[in-house]
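Trainee: Enclosed is the structure file my_file.cif (mmCIF, C-alpha atoms).
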data_start
#
loop_
_atom_site.label_atom_id
_atom_site.label_comp_id
_atom_site.auth_asym_id
_atom_site.auth_seq_id
_atom_site.Cartn_x
_atom_site.Cartn_y
_atom_site.Cartn_z
CA MET A 1 32.41 -20.06 37.74
CA THR A 2 30.28 -22.20 39.95
CA PRO A 3 27.02 -23.64 38.70
CA GLY A 4 24.14 -21.30 39.50
CA SER A 5 26.30 -18.17 39.67
CA PRO A 6 25.04 -15.09 37.77
CA GLY A 7 27.76 -15.45 35.16
CA ASP A 8 26.60 -19.01 34.41
CA ARG A 9 23.09 -17.88 33.51
CA LEU A 10 24.18 -15.13 31.11
CA LYS A 11 25.09 -16.73 27.84
CA PRO A 12 25.88 -14.77 24.70
CA VAL A 13 23.09 -14.88 22.15
CA ALA A 14 23.08 -14.03 18.47
CA ALA A 15 21.70 -10.64 17.51
CA PRO A 16 17.99 -11.00 16.69
CA THR A 17 18.31 -9.13 13.40
CA SER A 18 19.82 -10.45 10.23
CA TYR A 19 21.01 -8.63 7.14
CA ARG A 20 17.80 -9.67 5.36
CA CYS A 21 15.67 -8.29 8.18
CA MET A 22 17.58 -5.00 8.01
CA MET A 23 16.94 -4.84 4.26
CA ASP A 24 13.23 -5.36 4.85
CA VAL A 25 13.21 -2.47 7.34
CA ARG A 26 15.01 -0.24 4.85
CA THR A 27 12.62 -1.27 2.08
CA GLU A 28 9.65 -0.54 4.31
CA GLN A 29 11.05 2.87 5.19
CA ALA A 30 11.74 3.70 1.54
CA THR A 31 8.22 2.55 0.63
CA ARG A 32 6.71 4.78 3.29
CA GLU A 33 8.84 7.75 2.21
CA ARG A 34 7.82 7.29 -1.45
CA TYR A 35 4.16 7.13 -0.43
CA GLU A 36 4.46 10.27 1.71
CA ASP A 37 6.15 12.19 -1.12
CA ILE A 38 3.24 11.31 -3.43
CA VAL A 39 0.68 12.31 -0.77
CA ASP A 40 2.43 15.63 -0.14
CA ALA A 41 2.52 16.47 -3.85
CA ILE A 42 -1.09 15.52 -4.51
CA CYS A 43 -2.48 17.28 -1.44
CA ALA A 44 -0.50 20.43 -2.28
CA TRP A 45 -1.93 20.60 -5.82
CA HIS A 46 -5.47 19.33 -5.29
CA GLU A 47 -7.57 21.17 -2.74
CA GLU A 48 -10.11 18.33 -2.54
CA ALA A 49 -7.41 15.80 -1.59
CA ARG A 50 -6.71 15.19 2.11
CA ALA A 51 -4.31 12.85 3.86
CA SER A 52 -6.23 10.64 6.28
CA LYS A 53 -6.49 7.14 7.73
CA VAL A 54 -9.07 4.42 7.35
CA PHE A 55 -8.89 1.40 9.69
CA SER A 56 -5.34 2.55 10.59
CA MET A 57 -4.26 2.47 6.92
CA PRO A 58 -2.78 5.78 5.72
CA CYS A 59 -4.79 7.02 2.76
CA VAL A 60 -5.85 10.01 0.69
CA LYS A 61 -9.47 11.00 0.42
CA ARG A 62 -11.10 13.17 -2.21
CA SER A 63 -14.40 14.71 -1.20
CA GLY A 64 -14.53 12.32 1.77
CA LYS A 65 -13.97 9.12 -0.26
CA VAL A 66 -10.77 7.06 -0.12
CA VAL A 67 -8.98 7.02 -3.48
CA PHE A 68 -5.63 5.44 -2.56
CA GLY A 69 -3.62 4.32 0.44
CA LEU A 70 -0.66 2.34 1.71
CA SER A 71 -1.20 -1.26 2.81
CA ARG A 72 1.33 -3.73 4.22
CA THR A 73 1.93 -5.14 0.73
CA GLY A 74 2.07 -1.99 -1.40
CA MET A 75 0.17 1.05 -2.50
CA VAL A 76 -3.56 0.51 -3.02
CA PHE A 77 -5.60 2.37 -5.64
CA LYS A 78 -9.34 2.58 -6.24
CA LEU A 79 -9.60 2.44 -10.01
CA THR A 80 -13.15 2.63 -11.31
CA ASP A 81 -12.15 3.00 -14.97
CA PRO A 82 -11.96 -0.55 -16.43
CA ASP A 83 -8.96 0.26 -18.67
CA ALA A 84 -6.94 1.84 -15.85
CA HIS A 85 -7.89 -1.07 -13.57
CA ARG A 86 -6.75 -3.61 -16.17
CA ARG A 87 -3.44 -1.78 -16.76
CA ALA A 88 -2.71 -1.66 -13.02
CA LEU A 89 -3.49 -5.36 -12.56
CA ALA A 90 -1.16 -6.18 -15.45
CA LEU A 91 1.85 -4.83 -13.52
CA PRO A 92 4.13 -7.56 -12.12
CA GLY A 93 3.06 -8.46 -8.59
CA ALA A 94 -0.16 -6.40 -8.68
CA HIS A 95 -3.32 -8.00 -7.30
CA LEU A 96 -6.79 -7.17 -6.04
CA PHE A 97 -6.91 -5.72 -2.52
CA ASP A 98 -7.98 -8.25 0.12
CA PRO A 99 -7.74 -6.38 3.43
CA SER A 100 -9.11 -9.27 5.50
CA GLY A 101 -6.83 -11.87 3.90
CA ARG A 102 -9.81 -14.22 3.54
CA GLY A 103 -10.31 -14.05 -0.22
CA GLU A 104 -12.83 -11.22 0.03
CA THR A 105 -11.31 -8.84 -2.48
CA PHE A 106 -12.38 -5.28 -3.14
CA ARG A 107 -12.98 -5.49 -6.88
CA GLN A 108 -12.15 -1.87 -7.72
CA TRP A 109 -9.00 -1.79 -5.61
CA VAL A 110 -5.58 -2.81 -6.93
CA VAL A 111 -2.46 -3.30 -4.81
CA VAL A 112 0.76 -2.39 -6.61
CA PRO A 113 3.84 -3.73 -4.78
CA PRO A 114 6.90 -1.66 -3.80
CA GLU A 115 8.86 -3.23 -6.65
CA GLN A 116 6.60 -1.21 -8.97
CA ALA A 117 6.86 2.06 -6.97
CA GLY A 118 7.80 3.88 -10.16
CA GLU A 119 4.15 3.46 -11.24
CA TRP A 120 2.63 4.73 -8.00
CA GLU A 121 2.51 8.45 -8.70
CA ALA A 122 0.79 8.08 -12.08
CA LEU A 123 -1.71 5.63 -10.59
CA ALA A 124 -2.39 7.96 -7.66
CA TYR A 125 -3.23 10.80 -10.06
CA GLU A 126 -5.33 8.38 -12.11
CA ALA A 127 -7.26 7.27 -9.02
CA LEU A 128 -7.74 10.86 -7.87
CA GLY A 129 -9.33 11.84 -11.17
CA GLN A 130 -11.77 8.94 -11.47
CA ASP A 131 -15.48 8.87 -10.70
CA HIS A 132 -15.76 7.06 -7.37
CA SER A 133 -19.53 6.78 -7.54
CA VAL A 134 -19.17 3.98 -10.13
CA PRO A 135 -20.33 0.69 -8.60
CA PRO A 136 -17.96 -2.33 -8.59
CA GLU A 137 -20.28 -4.17 -11.00
CA ALA A 138 -19.20 -1.74 -13.75
CA LEU A 139 -15.76 -3.39 -13.76
CA GLU A 140 -17.27 -6.80 -14.46
CA GLY A 141 -18.73 -5.51 -17.71
CA GLY A 142 -15.31 -4.10 -18.63
CA GLY A 143 -13.69 -7.52 -18.36
CA ALA A 144 -11.48 -6.78 -15.36
#
Take the structure I supplied and represent it as structure tokens, if you would.

Mentor:
Amino acid sequence: MTPGSPGDRLKPVAAPTSYRCMMDVRTEQATRERYEDIVDAICAWHEEARASKVFSMPCVKRSGKVVFGLSRTGMVFKLTDPDAHRRALALPGAHLFDPSGRGETFRQWVVVPPEQAGEWEALAYEALGQDHSVPPEALEGGGA
């Protein structure tokens, strides 16, 4: 090959994906499938529940108010009951929802990571049944 020929410019490159990256894609897909199964079940059994989106985040609304959704880091639940909120935050990896990433958390919202997906369905039903007119300040009195 002579310098500057087309064959000289084409060099083999490593595939851009790694095994770890493929696992992340599979985990993300499994997470999404688990979320969708929960949404399908809840919306089938509860006529007030509707699948929707808020700021491009898939969610479920009850009577027009968001009660849970799927963020980039896990399933997100609005838990107005202080005991349920405390139990959800006690799960490994759970944390308050900070959609902006700037430390401005939504006090009633708890993110439960995919590693705790076994807890998602129960928390979704818990969130669906709670009173969403309770102001965030009510949690402060409950110690959460």

Trainee: What residues have an atom no more than 10 Å from (1.0, -1.2, 0.8) in the file's own frame, counting all atoms listed in the file, and can you write them as a PyMOL selection string?

Mentor: chain A and resi 28+31-32+35+57-58+68-77+97+111-114

Trainee: Using only C-alpha atoms, which of A:Gln130, A:Asp37, A:Lys65, A:Arg26 sits nearest Arg50 of chain A?

Mentor: A:Lys65

Trainee: Would you please work out which residue, of A:Gln116, A:Gln108, A:Ser52, A:Gln29, is nearest to Val66 of chain A when using all atoms listed in the file?

Mentor: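 Among the listed residues, A:Ser52 lies closest to Val66 of chain A.
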
Trainee: Have a look at atom CA of Leu91 of chain A and atom CA of Val134 of chain A and let me know their distance in Å, one decimal.

Mentor: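 Separation between atom CA of Leu91 of chain A and atom CA of Val134 of chain A: 23.0 Å.
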
Trainee: Find the residues around Asp40 of chain A up to 12 Å (all atoms listed in the file counted), leave out those fewer than 3 positions away in its own chain, and share them as a list in words.

Mentor: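 Those residues are Glu33, Arg34, Tyr35, Glu36, Asp37, Cys43, Ala44, Trp45, His46, Glu47, Ala49, Arg50, Ala51, Ser52, Cys59, Val60, Glu121 and Ala124 of chain A.
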
Trainee: With distances taken over all atoms listed in the file, which residue among A:Glu104, A:Asp81, A:Asp98, A:Glu119 lies nearest Pro136 of chain A?

Mentor: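 Among the listed residues, the smallest separation from Pro136 of chain A belongs to A:Asp81.
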
Trainee: Smallest atom-to-atom distance to Gly129 of chain A: which of A:Ala30, A:Gly103, A:Ile38, A:Ser63, using all atoms listed in the file?

Mentor: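 That would be A:Ser63, the residue with the smallest distance to Gly129 of chain A.
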
Trainee: Applying the PyMOL selection byres ((chain A and resi 84) around 12) to the file I just gave you, which residues come out? Please list them as a PDB file with C-alpha atoms, keeping the file's coordinate frame.

Mentor:
ATOM      1  CA  PHE A  77      -5.600   2.370  -5.640  1.00  0.00           C
ATOM      2  CA  LYS A  78      -9.340   2.580  -6.240  1.00  0.00           C
ATOM      3  CA  LEU A  79      -9.600   2.440 -10.010  1.00  0.00           C
ATOM      4  CA  THR A  80     -13.150   2.630 -11.310  1.00  0.00           C
ATOM      5  CA  ASP A  81     -12.150   3.000 -14.970  1.00  0.00           C
ATOM      6  CA  PRO A  82     -11.960  -0.550 -16.430  1.00  0.00           C
ATOM      7  CA  ASP A  83      -8.960   0.260 -18.670  1.00  0.00           C
ATOM      8  CA  HIS A  85      -7.890  -1.070 -13.570  1.00  0.00           C
ATOM      9  CA  ARG A  86      -6.750  -3.610 -16.170  1.00  0.00           C
ATOM     10  CA  ARG A  87      -3.440  -1.780 -16.760  1.00  0.00           C
ATOM     11  CA  ALA A  88      -2.710  -1.660 -13.020  1.00  0.00           C
ATOM     12  CA  LEU A  89      -3.490  -5.360 -12.560  1.00  0.00           C
ATOM     13  CA  ALA A  90      -1.160  -6.180 -15.450  1.00  0.00           C
ATOM     14  CA  LEU A  91       1.850  -4.830 -13.520  1.00  0.00           C
ATOM     15  CA  GLN A 108     -12.150  -1.870  -7.720  1.00  0.00           C
ATOM     16  CA  TRP A 109      -9.000  -1.790  -5.610  1.00  0.00           C
ATOM     17  CA  VAL A 110      -5.580  -2.810  -6.930  1.00  0.00           C
ATOM     18  CA  ALA A 122       0.790   8.080 -12.080  1.00  0.00           C
ATOM     19  CA  LEU A 123      -1.710   5.630 -10.590  1.00  0.00           C
ATOM     20  CA  ALA A 124      -2.390   7.960  -7.660  1.00  0.00           C
ATOM     21  CA  TYR A 125      -3.230  10.800 -10.060  1.00  0.00           C
ATOM     22  CA  GLU A 126      -5.330   8.380 -12.110  1.00  0.00           C
ATOM     23  CA  ALA A 127      -7.260   7.270  -9.020  1.00  0.00           C
ATOM     24  CA  GLY A 129      -9.330  11.840 -11.170  1.00  0.00           C
ATOM     25  CA  GLN A 130     -11.770   8.940 -11.470  1.00  0.00           C
ATOM     26  CA  LEU A 139     -15.760  -3.390 -13.760  1.00  0.00           C
ATOM     27  CA  GLY A 142     -15.310  -4.100 -18.630  1.00  0.00           C
ATOM     28  CA  GLY A 143     -13.690  -7.520 -18.360  1.00  0.00           C
ATOM     29  CA  ALA A 144     -11.480  -6.780 -15.360  1.00  0.00           C
TER      30      ALA A 144
END
